[in-house]
$ cat model33.txt   # compact mmCIF, C-alpha atoms
# COMPACT_ATOMS: atom_id res chain seq x y z
CA MET A 1 -6.69 -8.04 21.95
CA LEU A 2 -5.91 -7.63 18.27
CA ASN A 3 -6.11 -4.47 16.19
CA LYS A 4 -4.33 -4.88 12.85
CA VAL A 5 -5.15 -3.36 9.48
CA ILE A 6 -3.48 -4.36 6.20
CA LEU A 7 -4.13 -2.16 3.16
CA MET A 8 -2.92 -1.86 -0.39
CA GLY A 9 -4.16 0.99 -2.54
CA ARG A 10 -3.29 4.22 -4.28
CA ILE A 11 -2.46 7.52 -2.60
CA THR A 12 -5.20 9.97 -3.57
CA ARG A 13 -3.53 13.39 -3.28
CA ASP A 14 -0.17 15.12 -3.05
CA LEU A 15 1.60 14.40 0.23
CA GLU A 16 2.27 17.23 2.66
CA LEU A 17 4.63 16.47 5.52
CA LYS A 18 3.88 18.55 8.60
CA THR A 19 5.72 19.06 11.87
CA THR A 20 4.17 19.42 15.32
CA PRO A 21 5.27 22.30 17.58
CA GLN A 22 7.48 19.75 19.37
CA GLY A 23 9.27 18.98 16.07
CA VAL A 24 7.66 15.58 15.37
CA SER A 25 6.96 14.75 11.70
CA VAL A 26 3.40 13.73 10.85
CA LEU A 27 1.82 12.82 7.53
CA THR A 28 -1.92 12.39 6.98
CA PHE A 29 -2.96 10.91 3.64
CA THR A 30 -5.79 8.98 2.04
CA VAL A 31 -5.50 5.61 0.33
CA ALA A 32 -8.10 4.46 -2.22
CA VAL A 33 -8.62 0.70 -1.85
CA ASP A 34 -10.70 -1.11 -4.47
CA ARG A 35 -13.46 -3.36 -3.19
CA SER A 36 -13.09 -7.03 -4.00
CA PHE A 37 -16.43 -7.40 -5.77
CA VAL A 38 -18.31 -5.60 -8.50
CA LYS A 39 -22.08 -5.58 -8.83
CA GLN A 40 -23.18 -6.64 -12.27
CA GLY A 41 -23.51 -3.64 -14.59
CA GLU A 42 -21.71 -1.27 -12.21
CA GLU A 43 -18.15 0.04 -11.95
CA ARG A 44 -15.79 -1.17 -9.25
CA GLN A 45 -16.06 0.93 -6.12
CA ALA A 46 -13.31 1.99 -3.76
CA ASP A 47 -13.08 2.93 -0.11
CA PHE A 48 -11.07 6.03 0.80
CA ILE A 49 -9.23 5.36 4.03
CA THR A 50 -7.46 8.05 6.05
CA CYS A 51 -3.99 7.05 7.25
CA VAL A 52 -1.62 8.77 9.67
CA ALA A 53 2.14 8.19 9.83
CA TRP A 54 4.47 9.62 12.45
CA ARG A 55 8.19 10.37 12.69
CA ASN A 56 10.44 8.23 10.44
CA GLN A 57 7.49 6.48 8.78
CA ALA A 58 6.05 9.87 7.78
CA GLU A 59 9.37 11.05 6.34
CA PHE A 60 9.89 7.74 4.50
CA ILE A 61 6.45 7.83 2.86
CA ASN A 62 6.85 11.49 1.93
CA HIS A 63 10.23 10.80 0.32
CA TYR A 64 9.45 7.60 -1.64
CA PHE A 65 5.74 7.85 -2.49
CA ALA A 66 3.51 10.35 -4.29
CA LYS A 67 -0.05 10.89 -5.48
CA GLY A 68 -1.26 7.96 -7.60
CA ARG A 69 1.44 5.55 -6.35
CA MET A 70 0.44 2.16 -5.01
CA ILE A 71 1.35 1.62 -1.35
CA ALA A 72 1.06 -1.37 0.98
CA LEU A 73 0.85 -0.70 4.69
CA VAL A 74 0.17 -2.33 8.03
CA GLY A 75 -1.23 -0.40 10.94
CA ASN A 76 -3.90 -0.23 13.59
CA LEU A 77 -7.34 1.33 13.58
CA ARG A 78 -7.96 4.30 15.88
CA THR A 79 -10.97 6.46 16.53
CA ARG A 80 -11.14 9.92 18.03
CA THR A 81 -13.59 12.76 18.44
CA TYR A 82 -13.28 16.52 18.35
CA ASP A 83 -15.59 19.52 18.58
CA ASP A 84 -15.50 22.10 15.81
CA LYS A 85 -15.91 25.89 16.21
CA ASN A 86 -19.69 25.53 16.24
CA GLY A 87 -19.60 22.93 19.02
CA THR A 88 -20.50 20.03 16.71
CA LYS A 89 -18.89 16.75 17.69
CA HIS A 90 -17.07 14.91 14.87
CA TYR A 91 -16.00 11.27 14.90
CA VAL A 92 -12.85 10.29 13.01
CA THR A 93 -11.56 6.81 12.19
CA GLU A 94 -7.95 6.52 10.98
CA VAL A 95 -5.30 3.89 10.35
CA TYR A 96 -2.08 4.62 12.24
CA VAL A 97 0.75 3.30 10.06
CA ASP A 98 3.22 0.84 11.61
CA GLU A 99 4.86 -0.62 8.46
CA VAL A 100 5.13 0.47 4.83
CA SER A 101 6.11 -1.58 1.76
CA PHE A 102 6.60 -0.97 -1.91
CA THR A 103 4.26 -2.93 -4.16
CA GLY A 104 6.70 -3.61 -6.99
CA GLU A 105 5.21 -0.85 -9.12
CA PRO A 106 7.94 1.16 -10.86
CA LYS A 107 8.16 4.79 -9.83
CA GLN A 108 8.19 7.46 -12.50
CA GLY A 109 11.66 8.95 -12.45
CA GLY A 110 13.70 5.80 -12.74
CA TYR A 111 13.63 4.23 -9.27
CA ALA A 112 13.96 0.45 -9.42
CA GLN A 113 11.26 -1.88 -8.22
CA ALA A 114 12.09 -2.84 -4.66
CA SER A 115 10.74 -3.89 -1.32
CA TYR A 116 12.22 -4.19 2.13
CA ASN A 117 15.34 -6.39 2.22
CA GLN A 118 14.35 -8.36 -0.87
CA GLN A 119 16.87 -9.81 -3.32
CA GLN A 120 15.94 -9.03 -6.91
CA SER A 121 17.93 -9.73 -10.06
CA GLY A 122 21.15 -10.20 -8.10
CA TYR A 123 20.94 -6.77 -6.41
CA ASN A 124 20.43 -6.36 -2.71
CA GLN A 125 18.10 -3.39 -2.42
CA GLY A 126 17.08 -2.52 1.13
CA TYR A 127 14.87 0.41 2.04
CA ASN A 128 13.82 1.25 5.54
CA SER A 129 11.68 3.74 7.36
CA GLN A 130 14.65 5.99 8.08
CA GLY A 131 14.47 6.98 4.41
CA TYR A 132 17.79 5.71 3.09
CA SER A 133 18.61 2.95 0.67
CA GLN A 134 21.53 0.67 0.31
CA GLN A 135 22.43 -1.14 -2.87
CA SER A 136 25.22 -3.56 -3.45
CA ALA A 137 26.63 -4.58 -6.79
CA PRO A 138 25.43 -7.72 -8.54
CA SER A 139 26.85 -10.91 -7.13
CA SER A 140 29.52 -12.66 -9.18
CA GLN A 141 28.01 -15.99 -8.19
CA PRO A 142 25.51 -17.48 -10.64
CA ASN A 143 21.88 -16.72 -9.93
CA ASN A 144 19.87 -19.90 -9.32
CA TYR A 145 16.61 -18.09 -9.87
CA GLN A 146 14.25 -20.03 -12.12
CA SER A 147 11.70 -17.92 -13.94
CA ASN A 148 8.10 -19.11 -13.78
CA LYS A 149 7.20 -17.02 -16.80
CA PRO A 150 5.95 -19.12 -19.70
CA GLN A 151 8.20 -19.12 -22.72
CA PRO A 152 6.69 -18.08 -26.07
CA ASP A 153 6.60 -21.66 -27.38
CA ASP A 154 5.29 -23.28 -24.14
CA PRO A 155 1.69 -24.53 -24.39
CA VAL A 156 -0.72 -22.94 -21.93
CA ASN A 157 -2.60 -25.55 -19.93
CA ILE A 158 -5.16 -24.09 -17.57
CA GLY A 159 -7.71 -26.89 -17.71
CA ASP A 160 -11.24 -26.82 -18.97
CA PHE A 161 -13.19 -23.60 -18.50
CA GLN A 162 -16.34 -25.61 -17.68
CA ASP A 163 -14.63 -26.64 -14.41
CA PHE A 164 -14.98 -23.08 -13.06
CA ASP A 165 -18.13 -21.96 -11.25
CA VAL A 166 -19.50 -18.52 -11.98
CA PHE A 167 -20.57 -16.59 -8.90
CA SER A 168 -22.98 -13.69 -8.82
CA ASP A 169 -22.76 -10.78 -6.40
CA ASP A 170 -26.56 -10.70 -6.05
CA GLY A 171 -26.49 -12.94 -2.95
CA VAL A 172 -23.97 -10.80 -1.09
CA PRO A 173 -25.56 -9.72 2.23
CA PHE A 174 -23.94 -6.27 2.26

$ encode --input "model33.txt" --output "structure tokens"
Amino acid sequence: MLNKVILMGRITRDLELKTTPQGVSVLTFTVAVDRSFVKQGEERQADFITCVAWRNQAEFINHYFAKGRMIALVGNLRTRTYDDKNGTKHYVTEVYVDEVSFTGEPKQGGYAQASYNQQQSGYNQGYNSQGYSQQSAPSSQPNNYQSNKPQPDDPVNIGDFQDFDVFSDDGVPF
């Protein structure tokens, strides 16, 4: 069996870390994920997906992310039901978070762009779900990184625009 969800979107509200009576950290938050298509003449729509993180993951997200920040996560889909005070049954679908990653978006407040165990600009920046970071000084060895960014005087060659097909969303079955 396979139950895996991969999402990247923006956190929709301020995070509020809670603790169960047993002392376990839990964080429930919503991620707005843009849909991949736009109907002609309409604005892009988003789905608002409820996510739940437990223990170290919850503390990590609460510490390094905030409302409006882009987040990438991997988890599994879970459903549950509950009865409210009036006896009405409610069905809830949530993503239980297994992994969290930064998206490379700079955080307001001066944090560097980083992701798990990734080498960037000669710095070794590693963040993990326990909520700590480690950073080593730049290496004295030369960096063999070749930039793929075009230089200002490089000609841009993307081919002929007539080679691209234009698709319409009218034939989408959903």

$ closest_residue --input "model33.txt" --among "A:Cys51, A:Val92, A:Met8, A:Leu15" --to "A:Tyr64" --atoms "all atoms listed in the file"
A:Leu15

$ residues_around --input "model33.txt" --residues "stretch 99-103 of chain A" --least-positions-apart "6" --cutoff "6 Å" --atoms "only C-alpha atoms" --output "VMD selection string"
chain A and resid 71 to 74 115

$ residues_around --input "model33.txt" --residues "A:Ala46" --least-positions-apart "4" --cutoff "7 Å" --atoms "all atoms listed in the file" --output "ChimeraX atom specification"
/A:32-35

$ write_last_selection --input "model33.txt" --atoms "C-alpha atoms" --output "mmCIF file, keeping the file's coordinate frame"
data_model
loop_
_atom_site.group_PDB
_atom_site.id
_atom_site.type_symbol
_atom_site.label_atom_id
_atom_site.label_comp_id
_atom_site.auth_asym_id
_atom_site.auth_seq_id
_atom_site.Cartn_x
_atom_site.Cartn_y
_atom_site.Cartn_z
ATOM 1 C CA ALA A 32 -8.100 4.460 -2.220
ATOM 2 C CA VAL A 33 -8.620 0.700 -1.850
ATOM 3 C CA ASP A 34 -10.700 -1.110 -4.470
ATOM 4 C CA ARG A 35 -13.460 -3.360 -3.190
#

$ atom_distance --input "model33.txt" --atom1 "atom CA of A:Ser25" --atom2 "atom CA of A:Ile61"
11.2 Å

$ build_atoms --input "model33.txt" --residues "stretch 26-53 of chain A" --atoms "N, CA and C atoms" --output "compact mmCIF listing (two decimals), in the frame of the given file"
# COMPACT_ATOMS: atom_id res chain seq x y z
N VAL A 26 4.67 14.43 10.99
CA VAL A 26 3.40 13.73 10.85
C VAL A 26 2.90 13.89 9.42
N LEU A 27 2.33 12.82 8.89
CA LEU A 27 1.82 12.82 7.53
C LEU A 27 0.44 12.17 7.54
N THR A 28 -0.56 12.92 7.10
CA THR A 28 -1.92 12.39 6.98
C THR A 28 -2.23 12.30 5.49
N PHE A 29 -2.66 11.12 5.05
CA PHE A 29 -2.96 10.91 3.64
C PHE A 29 -4.10 9.94 3.51
N THR A 30 -4.67 9.87 2.32
CA THR A 30 -5.79 8.98 2.04
C THR A 30 -5.38 7.95 1.00
N VAL A 31 -5.79 6.71 1.24
CA VAL A 31 -5.50 5.61 0.33
C VAL A 31 -6.83 5.10 -0.23
N ALA A 32 -6.92 5.02 -1.56
CA ALA A 32 -8.10 4.46 -2.22
C ALA A 32 -7.87 2.96 -2.40
N VAL A 33 -8.74 2.15 -1.80
CA VAL A 33 -8.62 0.70 -1.85
C VAL A 33 -9.84 0.15 -2.58
N ASP A 34 -9.60 -0.53 -3.71
CA ASP A 34 -10.70 -1.11 -4.47
C ASP A 34 -11.39 -2.21 -3.68
N ARG A 35 -12.70 -2.28 -3.80
CA ARG A 35 -13.46 -3.36 -3.19
C ARG A 35 -13.26 -4.63 -4.00
N SER A 36 -13.41 -5.76 -3.35
CA SER A 36 -13.09 -7.03 -4.00
C SER A 36 -14.20 -7.55 -4.91
N PHE A 37 -15.36 -6.93 -4.90
CA PHE A 37 -16.43 -7.40 -5.77
C PHE A 37 -17.02 -6.24 -6.55
N VAL A 38 -17.66 -6.59 -7.66
CA VAL A 38 -18.31 -5.60 -8.50
C VAL A 38 -19.72 -6.08 -8.76
N LYS A 39 -20.71 -5.22 -8.51
CA LYS A 39 -22.08 -5.58 -8.83
C LYS A 39 -22.24 -5.57 -10.34
N GLN A 40 -23.01 -6.50 -10.83
CA GLN A 40 -23.18 -6.64 -12.27
C GLN A 40 -23.74 -5.34 -12.86
N GLY A 41 -23.08 -4.85 -13.91
CA GLY A 41 -23.51 -3.64 -14.59
C GLY A 41 -23.01 -2.35 -13.95
N GLU A 42 -22.22 -2.45 -12.89
CA GLU A 42 -21.71 -1.27 -12.21
C GLU A 42 -20.19 -1.25 -12.27
N GLU A 43 -19.61 -0.08 -12.01
CA GLU A 43 -18.15 0.04 -11.95
C GLU A 43 -17.66 -0.41 -10.58
N ARG A 44 -16.40 -0.80 -10.52
CA ARG A 44 -15.79 -1.17 -9.25
C ARG A 44 -15.74 0.05 -8.34
N GLN A 45 -16.09 -0.16 -7.08
CA GLN A 45 -16.06 0.93 -6.12
C GLN A 45 -14.82 0.84 -5.25
N ALA A 46 -14.48 1.95 -4.63
CA ALA A 46 -13.31 1.99 -3.76
C ALA A 46 -13.69 2.64 -2.44
N ASP A 47 -12.96 2.27 -1.41
CA ASP A 47 -13.08 2.93 -0.11
C ASP A 47 -11.89 3.85 0.05
N PHE A 48 -12.12 5.04 0.60
CA PHE A 48 -11.07 6.03 0.80
C PHE A 48 -10.76 6.07 2.29
N ILE A 49 -9.59 5.59 2.64
CA ILE A 49 -9.23 5.36 4.03
C ILE A 49 -8.14 6.35 4.45
N THR A 50 -8.41 7.07 5.52
CA THR A 50 -7.46 8.05 6.05
C THR A 50 -6.38 7.33 6.85
N CYS A 51 -5.13 7.66 6.57
CA CYS A 51 -3.99 7.05 7.25
C CYS A 51 -3.12 8.14 7.86
N VAL A 52 -2.49 7.83 8.99
CA VAL A 52 -1.62 8.77 9.67
C VAL A 52 -0.30 8.08 9.96
N ALA A 53 0.79 8.72 9.56
CA ALA A 53 2.14 8.19 9.83
C ALA A 53 2.90 9.22 10.65
